[in-house]
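Student: First the structure, then my questions, so here it is.
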Amino acid sequence: MNGKDQALIVDSTERLLDVLRDRLNLKGVKEGCGTGDCGACTVIMDGRLVSSCLVLAVQARDKRITTIEGVGTRENLHPVQKALMKYNAAQCGFCTPAMILAGKNLLDHNPTPSKEQIKEAISGILCRCTGYYKIVDAIHDAAKEISEARC
Amino acid sequence: MLTETAAAQKLREAQGFTLIGKRIQRLDGLEKVLGLPLYTSDIVPKEALRVKVVRSTVPHALVRHIDTQPARQMQGVLAVLTAEDIPGINESYALLPDRPLLASKKVRCQGEAMAIVAARDLETTEEAAEMIRVEYERLPAVTSPVEAMKTDSVLVHDNGNVAKYLRVRKGDVQEGFRQADVIIENTYGTQFQDPTPMEPEVGMAWVEKDGSVTCVGSMQTPYYVQTGVAKVLGLSPDKVRVIQATTGGAFGPKSDEMPVDTCAISALVAQRTGKPAILAYGREESMIAHTKRHPFVITLKTGAKSDGRLTASEALVVSDTGAYASLGPLVIIRACFHATGPYVIPNVKTDAYCMYTNNTMAGSFRGFGSPQVHFAAESQIDELAKKLDMDPLDLRLKNILRPGTLTATSQLVDEACGLEECTKRATEASGWRAKRLEFGLDRGPFRRGIGLALMYHGNSLGPEGNDYAYVHMLIKPDGRVVVRTALTEYGTGAISGLAQVAAETLGVPIQLLELGAADTASCVETGPTVASRVMVIGGRATQIAAQKLKKKLLTVASDFLQCEPSKLTIKGELVGHIDDPKRTVPFRKVVEECYRRHISLTETGYYIAPKCEFESENSQGTTYQQYTYGAVVTEVQVDTELGIVKPLKITAAYDAGRAINPLSLEGQIEGGTIQGLGYGLMEQLIHSHGMVLNPTLGDYYIPTSLDIPELQTIIVEYPGAVGPYGAKAMGEPPVDLPAAALANAVAHATGSRVFDLPLTAEKTLFAMKRQQR
Amino acid sequence: MTTIADLEAQEDDSAWGRLLADAVGKFGSPNIRTVATIGGNVCAASSSEDLIPVFLVLDAKVKLIRRTEAREIPLQEFLVAKRKTALHADEILAEVSFSEPSARTACSFQKLGMRNTLIIALVSVAVFLETDDARSTILQARIALNRLKGKIPQRAERVEMELIGRRFDEGTIKSAVDRLGDELALTSYFRVSAEYSEEAVKVLLRRALSDCRQRILGK
């Protein structure tokens, strides 16, 4: 769980979303619909994006999970977070944690994505405020920053 | 583009601005990218009860009996309430007193709240709610606004189905049509659009030790919630405190009935049980119960001379406000006044009706009648251009509003009219002329089209009410400046904009600014956060508060620098002499001195816009204090075998008056454009016999990241008379035109027109087939 | 349990590999592909399940196991009615299998929805075509639609007959599409009318057949 082992006893009917928000107090994971249609509850599970409202807590056994709380800190923002800030790409902020996780996960697997690939990576997360443009530009910018840092 | 160009910087500095016009980061950006902001559901106390509402499942019926016994008897259920349990007044309405909080004798639409259940956990509450049985005696339902106008229609409310009627009369339309060489008449239709904020409605309440009630919720207007909750609880408003939590998107409906409902219902439970209570809507519940965009049926008859000059416009504009009016009576006003589109027409006759039906409620939604009438008006201009064999751009340029011309309400258009420049720049940047020809040569199943639409958008409340704002400002001993107001942030970036105006007026760096919470305990009533008025009206109030503080600071600073306060200015973190850059004193020191001398560094700025004076019988006069103008060009590719419309590029030019923060402004334009794109292509909350068929995000389609076309934004500035630095309303205008421009592009591509939104593949294909026959 | 994301990760250039890639590319969204499974899609038995037409044209069988026994039945038999399968209460679906198609095979999957992603198919078509070595005569044709006459995906057997043994040219494609027009018995629902669905699915079939032709000639 964000890099630290966690042991919990869960009910077989508990959703991963509820365990994260209510038991582990990770409020950055949001519930937008409860039916797997909006992606606001996105977390990274073993290197793939999942909507945590569609995952039973028991299905997360032995898996590595990352939420927004595990991405960066005030003093040490992830490049995707820095870029979203620079572009004012977080408007109401409700989809922002999910978008950042999608951006981070994409860049972890593909450090030089095209804008089409970025749009594809965030395609499971709905945003009603931004029209997606600045989120895509921000992730694209973050990719450049990461690859420049590597050189 | 993140940084401003050298040219923009030069222009900004030439105007003497430090921050206005600069691309600045929002103040709440850091918190948001860390996932830290607390939305209502994130701050629920452990002991809070979960509340569920039992809602009507039929569109029109008498209620014979609500059997709550099975729920009351369930273990773990702590409260079951119906209308009779309301201690105050059982009402929750935005404008007309036509709606109860809890229905008891009659239901007029699907989704009306009827009973409230509360338990410690959501599962128990949901189970108990399902056990409540309602016995209905069904009544016939009227589900079309045109049907509702008939004399023998089913009545939704006892005093008739017309919630509001108004008209525009200018000149003499009969004469105007006589003068016309060409007359066309068409009927256009638009659909229910769901606002779909990513955070559904939620409200929480608890009772304080002194018996007063505190509400926290997702909302646009805390004082509406205060008034509404106090009324339901039978308390005086000063006994109800309302705090806006971080709100995950709103778009209008969170200023209508729902936030009052969520908070009042939670408060009823809190009062009854003594425990905090939270009511969080599920998405399906939200989509059925909350207000949506009004469907309209618009019949337009337009006359023109053969050279294209418009001579007459006759319009019948009918909206479907559903079972309860909400803000329908105001939406119809805006629609009525803008129904002709932004053109000079000497003879205008518009009749506008806001009709009740047994569909679910329509109310406020970004655009507020403007997207609907512009879809009709702009489609009509293109149809006229076709009839006259004129380029739609040329026909428009012949007739657009320009300084010195009169609107449909006979308002004189002032110099702050950038419509022509927007039109020219959007069409030039998109390559209009060449593409009109080039796309017309496409052969094969994929045909491209390019369409244009223009708009004007009367700013702020106009005729809707007193247009004022209060903004509080405080400078703390450490020099940080706090801006606090009951105007709210819900994604727009508007409150950060106020901070930018405050910093500019004071002369301090933006880094010193902080934003306070929208809390009725610390902010006075300031009117609603609607109508894109935060910058225009709130911005003026902010300037006034900042100027008052600056005056105090400079008076004290003048003692330090031994000169007249009028010779001083604040720049960066220094107060200095305008003629002698070396004579300075740190801003912080002046602040500390103010505190030492007990000079209060708290000020409240108040601004009220001039009243709109117009004659109400025929709606002639000044209907809005200033106008935003815009032009949108859309390029599409139509798959003519399947009817699928693929948007390729949108070029959007807006006269924003003054772009306070171009980066945030782009964000509003981009977001509004895509919301408008969804409205044009894929969004429709489908009612059948009054019941919503697709109240889920799996069945109601908003654009995803894979649906967006290339978008070019052009900002033009013709400073308006009202807003700070000439700023105009820009929150709503970007939603007004995309659907209209798409409709015109599709008509260009296919040679046939779809008269009803959304432009689904089915409608597009069948319009083409009808044309071929 | 094989998820759609697992399928997506396998890059296979064979006919069936490309067919699955077609379907998986339009399946839900990245988030949904991570958790959705082949078994779940097949057992849901409705016109919204994209893998069903795909497996139908691959002539797939399903393996159902109990504690001590297993049985294998054709997928067509497994699908009984909307949301109803032949699965017994004590059985689970363990495997979906099909024979490897020959080298002269091409497949295509076409799907129509209300936007570009996260869509439930309004209409969808899966096509499987095998030709002779000269690539001119159709030896085997399998066509499945998400909606043909009822509420679950079905093979369009009469349309297949129209293709088998014929020359693989534009004329044959046209007569297959015409034949489909005769076979269709779709109903309107709030999302689309029967009339539009029938128009659209004929276009999708034509495009799927042309797509297969391109793929076969391309090899």
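Letters A, B, ... mark the chains of the structure tokens in the order given; residue numbers begin at 1 per chain; ligand numbers begin at 1, in order shown.
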Show me a table, sorted first by chain and then by increasing residue number, of the residues of chain A having an atom at most 7 Å from chain C, each with its shortest atom pair and the distance in Å to one decimal, counting only C-alpha atoms and written as CSV.
Tutor:
residue,atom,partner,partner_atom,distance
A:Arg48,CA,C:Thr34,CA,6.6
A:Leu49,CA,C:Asn31,CA,5.0
A:Val50,CA,C:Asn31,CA,4.4
A:Ser51,CA,C:Asn31,CA,5.6
A:Ala121,CA,C:Pro30,CA,6.8
A:Ser123,CA,C:Ser29,CA,6.3
A:Gly124,CA,C:Ser29,CA,4.8
Student: Taking the backbone alone, and naming residues the way the document does, which bits of range 653-715 of chain B are helix (DSSP H, G or I) by DSSP, as a list of chain:residue names?
Tutor: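 The helix (DSSP H, G or I) subset of range 653-715 of chain B is B:Pro662, B:Leu663, B:Ser664, B:Leu665, B:Glu666, B:Gly667, B:Gln668, B:Ile669, B:Glu670, B:Gly671, B:Gly672, B:Thr673, B:Ile674, B:Gln675, B:Gly676, B:Leu677, B:Gly678, B:Tyr679, B:Gly680, B:Leu681.
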Student: Just write the chosen residues, C-alpha atoms, as a JSON list (two decimals), in the first residue's frame.
Tutor:
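See again-v5.json below for the written result:
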[["chain", "number", "residue", "atom", "x", "y", "z"],
["B", 662, "PRO", "CA", -5.40, 33.74, -19.84],
["B", 663, "LEU", "CA", -4.31, 30.31, -18.58],
["B", 664, "SER", "CA", -7.43, 29.85, -16.45],
["B", 665, "LEU", "CA", -9.55, 31.43, -19.16],
["B", 666, "GLU", "CA", -8.33, 28.84, -21.67],
["B", 667, "GLY", "CA", -9.28, 26.16, -19.15],
["B", 668, "GLN", "CA", -12.82, 27.53, -19.02],
["B", 669, "ILE", "CA", -13.04, 27.82, -22.80],
["B", 670, "GLU", "CA", -11.69, 24.30, -23.34],
["B", 671, "GLY", "CA", -13.95, 22.73, -20.71],
["B", 672, "GLY", "CA", -17.01, 24.65, -21.91],
["B", 673, "THR", "CA", -16.30, 23.75, -25.52],
["B", 674, "ILE", "CA", -16.22, 20.05, -24.73],
["B", 675, "GLN", "CA", -19.34, 20.29, -22.60],
["B", 676, "GLY", "CA", -20.94, 22.01, -25.61],
["B", 677, "LEU", "CA", -19.56, 19.30, -27.90],
["B", 678, "GLY", "CA", -21.21, 16.65, -25.75],
["B", 679, "TYR", "CA", -24.43, 18.63, -25.91],
["B", 680, "GLY", "CA", -24.19, 18.72, -29.67],
["B", 681, "LEU", "CA", -23.20, 15.14, -30.38]]
Student: To test your reading of the structure, identify every residue in range 583-628 of chain B that backbone DSSP assigns to strand (DSSP E), and report it as a count of residues only.
Tutor: 16
Student: Residues of chain A within 7 Å of chain B, using only C-alpha atoms, as a ChimeraX atom specification?
Tutor: /A:27-28,32-33,37-38,68-69,81,85-88,90-94,96-97,119-120,122-123,126-132
Student: Within 12 Å of chain C, which residues of chain B are there when counting only C-alpha atoms? Please give them as an NGL selection string.
Tutor: :B and (445 or 639-647 or 677-678 or 681-689 or 691-694 or 697-709 or 758-767 or 769)
Student: Quick one: residues within 12 Å of range 149-158 of chain B, only C-alpha atoms, excluding same-chain residues fewer than 5 positions away - as a PyMOL selection string?
Tutor: chain B and resi 59-62+96-99+106-109+139-144+163-165+297+317-325+352-360
Student: Set the distance at 8 Å and use only C-alpha atoms: which residues neighbour Arg402 in chain B once local chain neighbours fewer than 2 positions away are removed? I'd like the list as a list in words.
Tutor: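 Everything that qualifies: Ile400, Gly404, Thr405, Val413, Asp414, Cys417, Leu419 and Glu420 of chain B.
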Student: Would you mind exporting the chosen residues as a compact mmCIF listing (two decimals), in the first residue's frame, restricted to N, CA and C atoms?
Tutor:
# COMPACT_ATOMS: atom_id res chain seq x y z
N ILE B 400 -24.44 41.34 -38.51
CA ILE B 400 -24.07 41.22 -37.09
C ILE B 400 -24.19 42.55 -36.35
N GLY B 404 -23.15 50.84 -32.11
CA GLY B 404 -24.10 51.77 -32.70
C GLY B 404 -25.36 51.12 -33.23
N THR B 405 -25.40 49.81 -33.30
CA THR B 405 -26.62 49.13 -33.76
C THR B 405 -27.49 48.76 -32.56
N VAL B 413 -25.79 48.87 -28.91
CA VAL B 413 -24.54 48.15 -28.73
C VAL B 413 -23.41 49.17 -28.60
N ASP B 414 -22.61 49.05 -27.52
CA ASP B 414 -21.55 50.04 -27.31
C ASP B 414 -20.26 49.63 -28.01
N CYS B 417 -17.71 45.87 -28.38
CA CYS B 417 -18.32 44.78 -29.12
C CYS B 417 -17.29 44.17 -30.05
N LEU B 419 -17.52 41.34 -31.69
CA LEU B 419 -18.11 40.24 -32.47
C LEU B 419 -17.50 40.14 -33.86
N GLU B 420 -17.31 41.28 -34.49
CA GLU B 420 -16.76 41.25 -35.84
C GLU B 420 -15.33 40.70 -35.83
Student: For a test of reading the model, state the distance in Å between CA of Pro111 in chain A and CA of Ser147 in chain A, rounded to one decimal.
Tutor: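 Separation of CA of Pro111 in chain A and CA of Ser147 in chain A: 7.0 Å.
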Student: Find the spatial neighbours of Pro153 in chain C, counting only C-alpha atoms, within a cut-off of 6 Å - ignore same-chain residues fewer than 5 positions away - and output them as a PyMOL selection string.
Tutor: chain C and resi 47+53+145-147
Student: Emit the selected residues as a compact mmCIF listing (two decimals), in the first residue's frame, including N, CA and C atoms.
Tutor:
# COMPACT_ATOMS: atom_id res chain seq x y z
N SER C 47 -26.10 -8.91 -25.51
CA SER C 47 -25.59 -8.27 -26.72
C SER C 47 -24.54 -7.21 -26.41
N PRO C 53 -19.55 -12.44 -29.83
CA PRO C 53 -19.51 -12.61 -31.29
C PRO C 53 -18.14 -13.08 -31.78
N LEU C 145 -23.30 -11.56 -35.07
CA LEU C 145 -23.73 -10.20 -34.74
C LEU C 145 -24.08 -10.14 -33.27
N ASN C 146 -23.92 -9.02 -32.66
CA ASN C 146 -24.32 -8.92 -31.25
C ASN C 146 -25.85 -8.98 -31.12
N ARG C 147 -26.54 -8.54 -32.19
CA ARG C 147 -28.00 -8.66 -32.21
C ARG C 147 -28.39 -9.04 -33.63
Student: Please identify all polymer residues within 12 Å of Glu183 in chain C, counting only C-alpha atoms, omitting same-chain residues fewer than 3 positions from it, and present them as a PDB file with N, CA and C atoms, in the first residue's frame.
Tutor:
ATOM      1  N   LEU C 145     -23.302 -11.558 -35.069  1.00  0.00           N
ATOM      2  CA  LEU C 145     -23.729 -10.196 -34.745  1.00  0.00           C
ATOM      3  C   LEU C 145     -24.085 -10.143 -33.273  1.00  0.00           C
ATOM      4  N   ARG C 147     -26.536  -8.541 -32.190  1.00  0.00           N
ATOM      5  CA  ARG C 147     -27.997  -8.663 -32.211  1.00  0.00           C
ATOM      6  C   ARG C 147     -28.385  -9.041 -33.630  1.00  0.00           C
ATOM      7  N   LEU C 148     -29.123 -10.134 -33.768  1.00  0.00           N
ATOM      8  CA  LEU C 148     -29.563 -10.556 -35.102  1.00  0.00           C
ATOM      9  C   LEU C 148     -31.088 -10.651 -35.125  1.00  0.00           C
ATOM     10  N   LYS C 149     -31.600 -11.585 -34.338  1.00  0.00           N
ATOM     11  CA  LYS C 149     -33.054 -11.743 -34.247  1.00  0.00           C
ATOM     12  C   LYS C 149     -33.531 -11.565 -32.820  1.00  0.00           C
ATOM     13  N   GLY C 150     -32.651 -11.801 -31.887  1.00  0.00           N
ATOM     14  CA  GLY C 150     -33.067 -11.770 -30.490  1.00  0.00           C
ATOM     15  C   GLY C 150     -32.182 -10.860 -29.673  1.00  0.00           C
ATOM     16  N   GLN C 154     -25.590 -13.946 -32.064  1.00  0.00           N
ATOM     17  CA  GLN C 154     -25.884 -15.167 -32.809  1.00  0.00           C
ATOM     18  C   GLN C 154     -25.058 -15.223 -34.079  1.00  0.00           C
ATOM     19  N   ARG C 155     -24.899 -16.429 -34.579  1.00  0.00           N
ATOM     20  CA  ARG C 155     -24.309 -16.638 -35.890  1.00  0.00           C
ATOM     21  C   ARG C 155     -25.374 -16.365 -36.947  1.00  0.00           C
ATOM     22  N   ALA C 156     -24.943 -15.751 -38.028  1.00  0.00           N
ATOM     23  CA  ALA C 156     -25.883 -15.482 -39.131  1.00  0.00           C
ATOM     24  C   ALA C 156     -25.647 -16.554 -40.190  1.00  0.00           C
ATOM     25  N   GLU C 157     -26.212 -17.739 -39.948  1.00  0.00           N
ATOM     26  CA  GLU C 157     -25.865 -18.908 -40.762  1.00  0.00           C
ATOM     27  C   GLU C 157     -26.268 -18.767 -42.233  1.00  0.00           C
ATOM     28  N   ARG C 158     -27.418 -18.144 -42.497  1.00  0.00           N
ATOM     29  CA  ARG C 158     -27.824 -18.029 -43.899  1.00  0.00           C
ATOM     30  C   ARG C 158     -26.903 -17.081 -44.673  1.00  0.00           C
ATOM     31  N   VAL C 159     -26.393 -16.091 -43.979  1.00  0.00           N
ATOM     32  CA  VAL C 159     -25.449 -15.173 -44.621  1.00  0.00           C
ATOM     33  C   VAL C 159     -24.149 -15.918 -44.912  1.00  0.00           C
ATOM     34  N   GLU C 160     -23.756 -16.772 -43.966  1.00  0.00           N
ATOM     35  CA  GLU C 160     -22.540 -17.569 -44.162  1.00  0.00           C
ATOM     36  C   GLU C 160     -22.683 -18.434 -45.419  1.00  0.00           C
ATOM     37  N   GLU C 162     -24.293 -17.840 -47.993  1.00  0.00           N
ATOM     38  CA  GLU C 162     -24.194 -16.960 -49.164  1.00  0.00           C
ATOM     39  C   GLU C 162     -22.736 -16.759 -49.581  1.00  0.00           C
ATOM     40  N   ALA C 176     -23.941 -10.955 -49.746  1.00  0.00           N
ATOM     41  CA  ALA C 176     -23.973 -11.354 -48.333  1.00  0.00           C
ATOM     42  C   ALA C 176     -24.657 -10.273 -47.501  1.00  0.00           C
ATOM     43  N   VAL C 177     -24.341  -9.019 -47.801  1.00  0.00           N
ATOM     44  CA  VAL C 177     -24.945  -7.912 -47.053  1.00  0.00           C
ATOM     45  C   VAL C 177     -26.455  -7.864 -47.318  1.00  0.00           C
ATOM     46  N   ASP C 178     -26.824  -8.095 -48.570  1.00  0.00           N
ATOM     47  CA  ASP C 178     -28.265  -8.122 -48.899  1.00  0.00           C
ATOM     48  C   ASP C 178     -28.967  -9.235 -48.131  1.00  0.00           C
ATOM     49  N   ARG C 179     -28.310 -10.392 -48.089  1.00  0.00           N
ATOM     50  CA  ARG C 179     -28.880 -11.536 -47.376  1.00  0.00           C
ATOM     51  C   ARG C 179     -29.071 -11.205 -45.900  1.00  0.00           C
ATOM     52  N   LEU C 180     -28.110 -10.504 -45.346  1.00  0.00           N
ATOM     53  CA  LEU C 180     -28.216 -10.111 -43.941  1.00  0.00           C
ATOM     54  C   LEU C 180     -29.462  -9.268 -43.739  1.00  0.00           C
ATOM     55  N   LEU C 186     -34.433  -6.942 -35.911  1.00  0.00           N
ATOM     56  CA  LEU C 186     -34.035  -6.199 -34.714  1.00  0.00           C
ATOM     57  C   LEU C 186     -35.216  -5.429 -34.155  1.00  0.00           C
ATOM     58  N   GLU C 198     -30.419  -1.740 -38.333  1.00  0.00           N
ATOM     59  CA  GLU C 198     -30.315  -2.626 -39.505  1.00  0.00           C
ATOM     60  C   GLU C 198     -29.440  -1.991 -40.588  1.00  0.00           C
ATOM     61  N   VAL C 201     -25.731  -2.162 -39.203  1.00  0.00           N
ATOM     62  CA  VAL C 201     -25.072  -3.466 -39.112  1.00  0.00           C
ATOM     63  C   VAL C 201     -24.716  -3.981 -40.507  1.00  0.00           C
ATOM     64  N   LYS C 202     -25.513  -3.603 -41.518  1.00  0.00           N
ATOM     65  CA  LYS C 202     -25.162  -3.997 -42.900  1.00  0.00           C
ATOM     66  C   LYS C 202     -23.864  -3.303 -43.325  1.00  0.00           C
TER      67      LYS C 202
END
